[in-house]
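Student: Pasting a structure below so you can have a look.
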Amino acid sequence: MNWIDLANLLVATGILASWPAQAAPACNVTVPNPIVRAAQAAPGTIAARWAAKNKYFGVAADPGTISNAKKAGIIAKEFTQLTPENSMKWDATEPQRDHFTFGNADQLMNFATSNGQKVRGHTTVWHSQHPAWVEQINDKATLTQVMEKHITQVIGHFKGKIFVWDVVNEAFNEDGSMRDSVFYKVLGEDYIRIAFEAAKKADPAAKLYINDYNLDDPNYAKTKGLIEKVTKWRSQGIPIDGIGSQGHVSAEWNTAKTIPAALKALCAAAPECALTEVDIAGAAPSDFATVTKACLDISNCVGVTIWGVTDADSWRASSTPLLFDASGNKKQAYTAVLNAS
Ligand code: 9MR
């Protein structure tokens with residue numbers, strides 16, 4: 001047992017009230033959000049090591065995963081942060097106009113609360129997984145009102161309980177221009193301001209993120225385009241607190257090796273940043289270590305979320321991209337991340 005695990009054990013068993021300040025590892029982390037206390041992570045886990053560095057190590061889940069006792073056990077022990085994989089999306093929370101449903105989302109929130117885990121809200125404005133009635137709106141006044149109401153209701157429902165929201169998801173094309181979603185088509189670029197201002201009003205304490213995929217290379221047009229726009233929007237006073245890089249990695253397209261430099265560039269463009277949906281096709285241990293360590297090495301990177309518990313839960317299950325195999329056993333990638341942490 002190393003000293004971090006020992007300190008965690010002492011805290012968990014009540015022998016120490018909290019981590020002694022001088023026992024915390026020397027590092028230059030000044031994260032605006034005090035994310036996790038070491039006491040919430042089980043000794044010997046990756047999450048415990050990350051908590052000692054004031055960063056979360058999280059996972060995507062939903063009622064389907066937490067209702068499985070084995071998976072619930074893994075989540076409770078191994079992760080300090082949860083993201084609802086689907087249950088807070090528009091089609092789940094407002095399937096019909098003005099009818100809000102939070103059953104699954106509340107279930108996940110309650111599970112997280114009882115396990116001392118922080119929740120990242122995902123996601124209010126996205127071109128995908130919103131109901132057909134949203135897609136059909138074609139005038140500015142109506143879409144503004146509908147978008148503001150959706151954000152106000154959903155973020156407001158969890159006010160004070162959710163520490164980070166992916167307010168806008170996947171707003172960019174691969175060439176760095178803005179995606180032609182219904183929001184962009186009807187409202188133009190101004191939809192970003194409308195969305196973030198509504199989110200800020202709904203929960204002033206939550207950190208507000210823009211989240212996207214294929215931001216895995218600093219020289220890629222999409223990475224550059226997002227950085228340029230976020231820098232401009234922030235200079236205009238739009239309340240964007242953070243950039244989320246999803247981190248869906250595969251060997252041939254967006255490789256692990258360029259992620260450290262890409263994340264550095266993204267994190268320099270906002271007060272904070274995170275890797276929000278990490279999975280790596282084939283789960284090569286060294287790639288998992290490279291990707292996760294990229295966040296550890298950047299002071300304002302607040303944490304990493306793995307996009308699912310076991311390989312069987314993954315949206316791309318056939319590529320076995322996660323840290324636990326389909327039976328819930330730790331894979332070599334887990335050990336590689338632990339050793340790099
Ligand atoms: O993992 C999610 C899967 O269960 C859903 O069917 C899918 C629907 O679009 O969304 C998946 O999660 C996505 C996330 O919300 C946004 N970034 C890409 C993720 C993988 O597709």
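All residue names refer to the structure tokens as shown: chains lettered A, B, ... in order, residues numbered from 1 in each chain, ligands numbered from 1 in order.
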List every residue of segment 227-284 of chain A that DSSP, applied to the backbone of this structure, places in strand (DSSP E), and write the result as number ranges by chain.
Tutor: A: 242-245, 248-249, 272-280
Student: Counting only C-alpha atoms and all ligand atoms, which residues of chain A sit at most 6 Å from some atom of ligand 1, and what is each one's closest atom pair with its distance in Å to one decimal, listed by chain and rising residue number, as JSON lines?
Tutor:
```
{"residue": "A:Glu85", "atom": "CA", "partner": "ligand 1", "partner_atom_place_in_ligand_line": "2 (C)", "distance": 5.6}
{"residue": "A:Gln129", "atom": "CA", "partner": "ligand 1", "partner_atom_place_in_ligand_line": "9 (O)", "distance": 5.9}
{"residue": "A:Trp315", "atom": "CA", "partner": "ligand 1", "partner_atom_place_in_ligand_line": "1 (O)", "distance": 4.7}
```
Student: Please produce an output containing all heavy atoms for each residue in the selection, written as an mmCIF file, in the first residue's frame.
Tutor:
```cif
data_model
loop_
_atom_site.group_PDB
_atom_site.id
_atom_site.type_symbol
_atom_site.label_atom_id
_atom_site.label_comp_id
_atom_site.auth_asym_id
_atom_site.auth_seq_id
_atom_site.Cartn_x
_atom_site.Cartn_y
_atom_site.Cartn_z
ATOM 1 N N GLU A 85 -25.492 8.754 -19.243
ATOM 2 C CA GLU A 85 -25.151 8.487 -20.647
ATOM 3 C C GLU A 85 -26.261 8.974 -21.584
ATOM 4 O O GLU A 85 -25.995 9.490 -22.659
ATOM 5 C CB GLU A 85 -24.885 6.992 -20.853
ATOM 6 C CG GLU A 85 -24.380 6.668 -22.244
ATOM 7 C CD GLU A 85 -23.864 5.247 -22.375
ATOM 8 O OE1 GLU A 85 -23.863 4.510 -21.366
ATOM 9 O OE2 GLU A 85 -23.459 4.878 -23.495
ATOM 10 N N GLN A 129 -30.557 13.315 -30.821
ATOM 11 C CA GLN A 129 -31.373 12.907 -29.667
ATOM 12 C C GLN A 129 -32.236 14.029 -29.100
ATOM 13 O O GLN A 129 -32.398 14.165 -27.895
ATOM 14 C CB GLN A 129 -30.509 12.297 -28.561
ATOM 15 C CG GLN A 129 -30.400 10.783 -28.743
ATOM 16 C CD GLN A 129 -29.703 10.108 -27.593
ATOM 17 O OE1 GLN A 129 -28.498 10.263 -27.413
ATOM 18 N NE2 GLN A 129 -30.449 9.340 -26.817
ATOM 19 N N TRP A 315 -21.231 1.923 -26.157
ATOM 20 C CA TRP A 315 -21.956 2.177 -27.417
ATOM 21 C C TRP A 315 -21.196 1.567 -28.597
ATOM 22 O O TRP A 315 -21.756 1.389 -29.660
ATOM 23 C CB TRP A 315 -22.145 3.689 -27.650
ATOM 24 C CG TRP A 315 -20.857 4.433 -27.882
ATOM 25 C CD1 TRP A 315 -19.857 4.625 -26.980
ATOM 26 C CD2 TRP A 315 -20.419 5.055 -29.090
ATOM 27 N NE1 TRP A 315 -18.819 5.344 -27.538
ATOM 28 C CE2 TRP A 315 -19.136 5.627 -28.838
ATOM 29 C CE3 TRP A 315 -20.965 5.213 -30.367
ATOM 30 C CZ2 TRP A 315 -18.407 6.321 -29.804
ATOM 31 C CZ3 TRP A 315 -20.233 5.909 -31.327
ATOM 32 C CH2 TRP A 315 -18.975 6.451 -31.047
#
```
Student: Would you list the contacts of Thr223 of chain A as a compact mmCIF listing (two decimals) with all heavy atoms, in the first residue's frame, taking every protein, DNA or RNA residue within 10 Å and counting only C-alpha atoms, but skipping same-chain residues closer than 5 positions in sequence?
Tutor:
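See out-v5.txt below for the written result:
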```txt
# COMPACT_ATOMS: atom_id res chain seq x y z
N PHE A 172 -19.76 21.71 -33.79
CA PHE A 172 -18.82 21.99 -34.89
C PHE A 172 -18.76 20.89 -35.95
O PHE A 172 -18.93 19.70 -35.64
CB PHE A 172 -17.40 22.21 -34.32
CG PHE A 172 -17.28 23.54 -33.62
CD1 PHE A 172 -17.64 23.67 -32.29
CD2 PHE A 172 -16.85 24.66 -34.31
CE1 PHE A 172 -17.56 24.90 -31.64
CE2 PHE A 172 -16.77 25.90 -33.68
CZ PHE A 172 -17.13 26.01 -32.34
N GLU A 174 -16.32 19.01 -38.98
CA GLU A 174 -14.92 18.57 -38.99
C GLU A 174 -13.98 19.63 -39.56
O GLU A 174 -12.79 19.66 -39.21
CB GLU A 174 -14.78 17.26 -39.79
CG GLU A 174 -15.56 16.09 -39.21
CD GLU A 174 -15.24 15.84 -37.74
OE1 GLU A 174 -14.08 15.52 -37.45
OE2 GLU A 174 -16.15 15.98 -36.89
N ASP A 175 -14.48 20.50 -40.41
CA ASP A 175 -13.60 21.54 -40.98
C ASP A 175 -13.50 22.78 -40.08
O ASP A 175 -12.92 23.79 -40.47
CB ASP A 175 -14.07 21.93 -42.39
CG ASP A 175 -15.42 22.66 -42.37
OD1 ASP A 175 -16.00 22.85 -41.28
OD2 ASP A 175 -15.89 23.04 -43.46
N GLY A 176 -14.11 22.72 -38.91
CA GLY A 176 -13.99 23.83 -37.97
C GLY A 176 -15.12 24.84 -38.07
O GLY A 176 -15.22 25.76 -37.25
N ASP A 212 -17.25 18.47 -27.37
CA ASP A 212 -17.23 17.99 -28.76
C ASP A 212 -16.28 16.81 -28.91
O ASP A 212 -15.49 16.53 -27.99
CB ASP A 212 -16.86 19.11 -29.73
CG ASP A 212 -17.67 19.06 -31.02
OD1 ASP A 212 -17.88 17.94 -31.55
OD2 ASP A 212 -18.10 20.12 -31.49
N TYR A 213 -16.38 16.14 -30.07
CA TYR A 213 -15.51 14.99 -30.35
C TYR A 213 -14.52 15.33 -31.46
O TYR A 213 -14.64 16.36 -32.12
CB TYR A 213 -16.34 13.75 -30.72
CG TYR A 213 -17.17 13.89 -31.97
CD1 TYR A 213 -16.68 13.51 -33.21
CD2 TYR A 213 -18.46 14.41 -31.91
CE1 TYR A 213 -17.43 13.64 -34.36
CE2 TYR A 213 -19.23 14.54 -33.05
CZ TYR A 213 -18.72 14.16 -34.27
OH TYR A 213 -19.47 14.30 -35.41
N ASN A 214 -13.56 14.44 -31.65
CA ASN A 214 -12.49 14.64 -32.65
C ASN A 214 -11.69 15.92 -32.39
O ASN A 214 -11.29 16.61 -33.33
CB ASN A 214 -13.06 14.65 -34.08
CG ASN A 214 -13.46 13.27 -34.54
OD1 ASN A 214 -13.18 12.28 -33.86
ND2 ASN A 214 -14.14 13.16 -35.67
N LEU A 215 -11.49 16.20 -31.12
CA LEU A 215 -10.61 17.32 -30.74
C LEU A 215 -9.28 16.73 -30.26
O LEU A 215 -8.73 17.15 -29.26
CB LEU A 215 -11.26 18.15 -29.62
CG LEU A 215 -12.66 18.70 -29.90
CD1 LEU A 215 -13.22 19.41 -28.66
CD2 LEU A 215 -12.64 19.67 -31.08
N ASP A 216 -8.81 15.73 -30.97
CA ASP A 216 -7.72 14.90 -30.46
C ASP A 216 -6.35 15.23 -31.06
O ASP A 216 -5.36 14.55 -30.78
CB ASP A 216 -8.05 13.42 -30.70
CG ASP A 216 -9.42 13.08 -30.14
OD1 ASP A 216 -9.68 13.44 -28.98
OD2 ASP A 216 -10.24 12.50 -30.87
N ASP A 217 -6.33 16.24 -31.92
CA ASP A 217 -5.07 16.65 -32.55
C ASP A 217 -5.05 18.18 -32.57
O ASP A 217 -6.01 18.80 -33.03
CB ASP A 217 -5.03 16.07 -33.98
CG ASP A 217 -3.71 16.35 -34.69
OD1 ASP A 217 -3.10 17.42 -34.45
OD2 ASP A 217 -3.29 15.49 -35.49
N PRO A 218 -3.96 18.78 -32.08
CA PRO A 218 -3.95 20.24 -32.01
C PRO A 218 -3.98 20.91 -33.38
O PRO A 218 -4.36 22.07 -33.50
CB PRO A 218 -2.64 20.56 -31.27
CG PRO A 218 -1.77 19.37 -31.47
CD PRO A 218 -2.70 18.19 -31.59
N GLU A 228 -10.84 28.86 -31.62
CA GLU A 228 -11.01 30.24 -32.10
C GLU A 228 -12.36 30.80 -31.68
O GLU A 228 -12.47 31.92 -31.17
CB GLU A 228 -10.88 30.20 -33.63
CG GLU A 228 -10.73 31.56 -34.27
CD GLU A 228 -10.81 31.43 -35.79
OE1 GLU A 228 -10.12 30.56 -36.37
OE2 GLU A 228 -11.61 32.19 -36.38
N SER A 245 -13.47 17.73 -24.10
CA SER A 245 -13.02 16.96 -25.25
C SER A 245 -13.44 15.51 -24.99
O SER A 245 -13.05 14.92 -23.99
CB SER A 245 -11.50 17.08 -25.37
OG SER A 245 -11.03 16.19 -26.35
N ALA A 262 -3.16 18.23 -27.91
CA ALA A 262 -4.49 18.80 -28.22
C ALA A 262 -5.16 19.30 -26.95
O ALA A 262 -5.73 20.41 -26.91
CB ALA A 262 -5.35 17.74 -28.90
N LEU A 263 -5.08 18.50 -25.90
CA LEU A 263 -5.74 18.89 -24.65
C LEU A 263 -5.10 20.16 -24.08
O LEU A 263 -5.79 21.04 -23.55
CB LEU A 263 -5.67 17.73 -23.65
CG LEU A 263 -6.58 17.87 -22.43
CD1 LEU A 263 -8.06 17.92 -22.81
CD2 LEU A 263 -6.35 16.72 -21.44
N ALA A 265 -3.79 22.59 -25.73
CA ALA A 265 -4.29 23.74 -26.50
C ALA A 265 -5.73 24.08 -26.09
O ALA A 265 -6.08 25.25 -25.91
CB ALA A 265 -4.23 23.43 -27.99
N LEU A 266 -6.55 23.07 -25.93
CA LEU A 266 -7.95 23.31 -25.54
C LEU A 266 -8.04 23.92 -24.15
O LEU A 266 -8.81 24.85 -23.90
CB LEU A 266 -8.74 21.99 -25.57
CG LEU A 266 -8.91 21.33 -26.95
CD1 LEU A 266 -9.34 19.87 -26.81
CD2 LEU A 266 -9.94 22.10 -27.79
```
Student: Please report the interatomic distance between atom CA of Gly116 of chain A and atom CA of Asn86 of chain A in Å with one decimal.
Tutor: 20.9 Å
Student: Give me the residues within 7 Å of Ala256 of chain A as a PyMOL selection string, counting only C-alpha atoms and dropping any in the same chain fewer than 6 places off.
Tutor: chain A and resi 249+287+290-291
Student: Tell me which protein, DNA and RNA residues are within 8 Å of Leu275 of chain A, counting only C-alpha atoms, leaving out same-chain ones fewer than 3 positions away, and put them as a PyMOL selection string.
Tutor: chain A and resi 244-247+278+295+301+303-305
Student: Have a look at A:Trp253, A:Phe100, A:Trp50, A:Tyr56 and name the one nearest to Arg120 of chain A; count only C-alpha atoms.
Tutor: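 The shortest atom-to-atom distance to Arg120 of chain A comes from A:Tyr56.
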